[in-house]
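Asker: Input: one structure, supplied below.
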Amino acid sequence: MQIIFTERRNTMYTPEHNTKVSGSALLPFAVFIVIYLGAGLIQQARGVQMAFYQFPSVTAMFFAVITAFAMTREPFNKSIHIFSRGASKEDVITMLLIYVLAGAFSAVAGAMGGRDATVNLGLSVIAPQYLTAGMFIISAFMGTATGTSMGTIGAIVPIAVGLADKGGLSMPLMVGACIGGAMFGDNLSMISDTTIAATKSQGCEMKDKFRLNFYIALPAAVLTMLILLFIGRPEHAVNIASLAFDPLKVLPYLAVLLMALLGMNVFLVLTCGIFLSGIIGMLTGSIDLFIFAQNIWKGFTSMDEVFFLTLFCAGMSELVMHNGGLAWLVQKLQTMMKGARSAQLGIAALVSLTDCATANNTVAIVISGNVAKEVSRAYRVDPRKTASLLDIFSCIVQGFLPYGAQMLSATALVNAYYGTGEVTSLDFIPYVWYCWLLLLFGLLSIFFPFADGVIRKKPWNWE
């Protein structure tokens, strides 16, 4: 079903051949959230580590898909056709291809030593008295270059905890700086799955979303660095051993970032990054041709969860739309929205609440994307701004969600270092200042659109 909005008023009507408007059609989404969230809460009550990641999100989505099929009052073959139509949309296929290429680039670049070289380079150029702010910068750069907050936290938090312990620094403050930097990178990276999902679901270019997003994230990042510079100094000098790194191995990350910013096609960007990483790895002896090929495949398969999740969700959303769920939800949202500003607040609230329920920012964007797109059309919110809001607010919530993967991973790494289980994710939440400041500037960007100048120069074509 195609939802159409009139241009004069923000009212909705549906084509005569399909006038379904049903709130019960949204039940499959509720099934997914109840199963995924409920399983996580049960496991957490049992004291299981990484509780919200014990029940696979794809399995929960599979049960939701079955529910959607059961609710569709059409012959089964017709339901399969509707599901396939949603799963095979151009934006969905494009998103899936970008996912697997991004995974391959990350795997190959990591295998040839690019990730370690990036961390060591950052630690080598930062003065010891600025370590806390420096860890934020390193995390931000690595997150932007690699497109993964989890990978960034896994690589940098163990180093940060050791430096905090030896230098008399606040451990929660240091870890909070790392988490904040990782979320900065996850939010802005051209190869992050959140960026891919946000831009492709809204039909806009990554470079445009990046520019808008950057002007919102930059003041939050600058203020975070200033705070860390003033209160994050070590009590005594920290002795950082000489860290060896090959600048050549950092080149693929810089090249991918630069090519993406210049507007090069993302498929070419990632493909060039994969082969540049492979060539550098073979020239330096870090990998050979067979390891190169194996890591491309490893990178492809590392994206299997988000790949299948997106595929299932896209097909299920088409069934929900056919059954009138999206039309009902947009109608209800319209009763709370009076214009573009309240529509943007609604989009921010929608993706934030979805992230709280799913504990996964990519999943939250995938689930919220269709509704956000229809709301944007109704109130003429530029899709580039919508994509930015989806990415920003999902990353904000994920950055300080106690049961989110980032917090749980950081907590596990800290407890592993100290050999205790006394540290909890709640200890870090007050110190993830970047996410709190990003929340402030994200809201300000709605009421005082200080960042919108970069998109006003090229108004969106609504035809």
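How things are named: the first chain in the structure tokens is A, the next is B, and so on; residues count from 1 in each chain; ligands count from 1 in the order shown.
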If you count only C-alpha atoms, which residues fall within 12 Å of A:Ala220, apart from same-chain ones fewer than 4 positions away, as a PyMOL selection string?
Answerer: chain A and resi 180-181+183-184+213-216+224-227+392+396+432-445
Asker: Write the residues of the selection above to a file with C-alpha atoms, as a tab-separated table (two decimals), in the first residue's frame.
Answerer:
chain	number	residue	atom	x	y	z
A	180	GLY	CA	31.58	8.56	23.72
A	181	GLY	CA	34.28	8.64	21.05
A	183	MET	CA	29.56	6.52	19.39
A	184	PHE	CA	30.79	9.70	17.65
A	213	ASN	CA	25.24	15.43	11.11
A	214	PHE	CA	28.76	16.81	11.50
A	215	TYR	CA	27.58	20.32	12.38
A	216	ILE	CA	25.37	18.87	15.11
A	224	THR	CA	33.48	17.00	25.53
A	225	MET	CA	37.18	17.47	24.73
A	226	LEU	CA	37.32	20.73	26.69
A	227	ILE	CA	35.75	19.11	29.73
A	392	ILE	CA	21.87	10.74	16.10
A	396	ILE	CA	22.59	8.73	21.82
A	432	VAL	CA	29.58	9.39	28.68
A	433	TRP	CA	29.45	13.16	28.31
A	434	TYR	CA	29.57	13.15	24.55
A	435	CYS	CA	26.22	11.35	24.32
A	436	TRP	CA	24.60	13.68	26.86
A	437	LEU	CA	25.90	16.73	25.01
A	438	LEU	CA	24.85	15.26	21.67
A	439	LEU	CA	21.34	14.89	23.10
A	440	LEU	CA	21.39	18.60	23.94
A	441	PHE	CA	22.61	19.70	20.52
A	442	GLY	CA	20.33	17.23	18.76
A	443	LEU	CA	17.30	18.82	20.43
A	444	LEU	CA	18.64	22.32	19.78
A	445	SER	CA	19.02	21.46	16.09
Asker: Would you mind listing, for every residue of stretch 195-298 of chain A within 12 Å of stretch 306-324 of chain A, the two atoms forming the shortest contact and the distance between them in Å to one decimal, using only C-alpha atoms, sorted by chain and ascending residue number, as a Markdown table?
Answerer:
| residue | atom | partner | partner_atom | distance |
| --- | --- | --- | --- | --- |
| A:Ile196 | CA | A:Val306 | CA | 11.3 |
| A:Ala197 | CA | A:Thr310 | CA | 8.8 |
| A:Lys200 | CA | A:Thr310 | CA | 11.6 |
| A:Ser201 | CA | A:Ala314 | CA | 10.1 |
Asker: Among stretch 334-445 of chain A, which residues carry a DSSP assignment of alpha helix (DSSP H), reported as number ranges by chain?
Answerer: A: 334-336, 340-358, 361-379, 383-399, 405-418, 433-445
Asker: With only C-alpha atoms as the basis for distance, which of A:Gln49, A:Ser170, A:Gln54, A:Thr67 is at the shortest distance from A:Ser24?
Answerer: A:Thr67
Asker: For A:Leu413, work out the shell of residues within 8 Å, counting only C-alpha atoms and skipping chain neighbours fewer than 4 positions away, then give it as JSON, numbers by chain.
Answerer: {"A": [154, 157, 158, 409, 417]}
Asker: Kindly export the residues of the current selection with C-alpha atoms, as a PDB file, in the first residue's frame.
Answerer:
ATOM      1  CA  GLY A 154      37.076  -3.772  22.093  1.00  0.00           C
ATOM      2  CA  VAL A 157      39.024   0.147  26.329  1.00  0.00           C
ATOM      3  CA  PRO A 158      41.644  -2.388  27.535  1.00  0.00           C
ATOM      4  CA  SER A 409      31.244  -4.914  26.401  1.00  0.00           C
ATOM      5  CA  TYR A 417      41.275  -6.252  33.764  1.00  0.00           C
TER       6      TYR A 417
END
Asker: For stretch 336-353 of chain A, list every protein, DNA or RNA residue within 10 Å, evaluated using only C-alpha atoms, and leave out those in the same chain fewer than 2 positions away; present the list as JSON, numbers by chain.
Answerer: {"A": [10, 331, 332, 333, 334, 355, 356, 357, 358, 359, 361, 362, 363, 364, 365, 366, 367, 368, 369, 371, 372, 373, 375, 376, 378, 379, 380, 381, 382, 385, 386, 387, 388, 389, 390, 391, 392, 393, 394, 395, 396, 397, 398, 442, 443, 445, 446, 447, 448, 449]}
Asker: Find the distance between atom CA of A:Ala111 and atom CA of A:Ala293 and write it in Å to one decimal.
Answerer: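 Computed distance, atom CA of A:Ala111 to atom CA of A:Ala293, equals 11.1 Å.
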Asker: Can you pull out every residue within 7 Å of A:Ala177, counting only C-alpha atoms, but drop anything in the same chain fewer than 5 positions away, and send it as a tab-separated table (two decimals) with N, CA, C and O atoms, in the first residue's frame?
Answerer:
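What ended up in around08.tsv:
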chain	number	residue	atom	x	y	z
A	132	THR	N	43.08	11.52	28.69
A	132	THR	CA	41.63	11.27	28.69
A	132	THR	C	40.99	11.86	27.44
A	132	THR	O	40.21	11.19	26.74
A	135	MET	N	42.11	9.82	24.47
A	135	MET	CA	41.39	8.56	24.26
A	135	MET	C	40.06	8.81	23.56
A	135	MET	O	39.60	8.00	22.75
A	136	PHE	N	39.43	9.94	23.89
A	136	PHE	CA	38.18	10.30	23.20
A	136	PHE	C	38.46	10.52	21.71
A	136	PHE	O	37.71	10.04	20.84
A	432	VAL	N	29.62	9.40	30.15
A	432	VAL	CA	29.58	9.39	28.68
A	432	VAL	C	29.07	10.77	28.24
A	432	VAL	O	27.98	10.91	27.69
Asker: Determine, counting only C-alpha atoms, which protein, DNA and RNA residues have an atom within 9 Å of an atom of A:Arg211; residues of the same chain fewer than 4 positions away are not included. Present the result as a PyMOL selection string.
Answerer: chain A and resi 206-207+215+261+451+454-455
Asker: Store the residues picked out above, limited to N, CA and C atoms, as a tab-separated table (two decimals), in the first residue's frame.
Answerer:
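What follows is the written file part_2.tsv:
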chain	number	residue	atom	x	y	z
A	206	MET	N	24.85	9.64	1.56
A	206	MET	CA	25.60	9.60	2.81
A	206	MET	C	26.37	10.90	3.05
A	207	LYS	N	26.96	11.47	2.00
A	207	LYS	CA	27.77	12.68	2.18
A	207	LYS	C	26.91	13.84	2.67
A	215	TYR	N	27.77	19.02	11.72
A	215	TYR	CA	27.58	20.32	12.38
A	215	TYR	C	26.80	20.20	13.69
A	261	LEU	N	33.89	11.32	1.57
A	261	LEU	CA	33.59	12.75	1.73
A	261	LEU	C	33.58	13.48	0.40
A	451	ALA	N	22.16	23.81	12.00
A	451	ALA	CA	22.95	23.00	11.07
A	451	ALA	C	22.32	22.86	9.70
A	454	VAL	N	23.49	23.70	5.50
A	454	VAL	CA	24.17	22.86	4.51
A	454	VAL	C	23.18	22.16	3.58
A	455	ILE	N	21.91	22.05	3.98
A	455	ILE	CA	20.92	21.42	3.10
A	455	ILE	C	19.99	22.45	2.47
Asker: With only C-alpha atoms as the basis for distance, which of A:Ala70, A:Leu254, A:Val161, A:Ile280 is at the shortest distance from A:Thr118?
Answerer: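 Between A:Ala70, A:Leu254, A:Val161, A:Ile280, the residue approaching A:Thr118 most closely is A:Leu254.
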Asker: Using only C-alpha atoms for the distances, tell me which of A:Gly176, A:Gly113, A:Gly325, A:Gly143 is nearest to A:Leu251.
Answerer: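 Result for the nearest residue to A:Leu251: A:Gly113.
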Asker: Just give me the gap between atom CA of A:Asp208 and atom CA of A:Val92 in Å, one decimal is fine.
Answerer: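 The value is 19.4 Å.
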Asker: Write out as a ChimeraX atom specification the residues lying within 10 Å of A:Pro247, counting only C-alpha atoms and excluding same-chain residues fewer than 5 positions away.
Answerer: /A:114,117-118,120-121
Asker: Keeping only N, CA, C and O atoms, write the selected residues as an mmCIF file, in the first residue's frame.
Answerer:
data_model
loop_
_atom_site.group_PDB
_atom_site.id
_atom_site.type_symbol
_atom_site.label_atom_id
_atom_site.label_comp_id
_atom_site.auth_asym_id
_atom_site.auth_seq_id
_atom_site.Cartn_x
_atom_site.Cartn_y
_atom_site.Cartn_z
ATOM 1 N N GLY A 114 45.830 -2.754 10.354
ATOM 2 C CA GLY A 114 45.419 -1.361 10.279
ATOM 3 C C GLY A 114 44.812 -0.838 11.562
ATOM 4 O O GLY A 114 45.041 0.307 11.957
ATOM 5 N N ALA A 117 47.562 -0.302 14.152
ATOM 6 C CA ALA A 117 48.393 0.823 13.733
ATOM 7 C C ALA A 117 47.704 2.145 14.036
ATOM 8 O O ALA A 117 48.350 3.123 14.458
ATOM 9 N N THR A 118 46.388 2.191 13.847
ATOM 10 C CA THR A 118 45.638 3.410 14.111
ATOM 11 C C THR A 118 45.669 3.760 15.591
ATOM 12 O O THR A 118 45.882 4.922 15.971
ATOM 13 N N ASN A 120 47.913 2.751 17.893
ATOM 14 C CA ASN A 120 49.282 3.086 18.296
ATOM 15 C C ASN A 120 49.704 4.461 17.798
ATOM 16 O O ASN A 120 50.423 5.186 18.497
ATOM 17 N N LEU A 121 49.261 4.826 16.597
ATOM 18 C CA LEU A 121 49.564 6.151 16.077
ATOM 19 C C LEU A 121 48.980 7.224 16.983
ATOM 20 O O LEU A 121 49.661 8.198 17.338
#
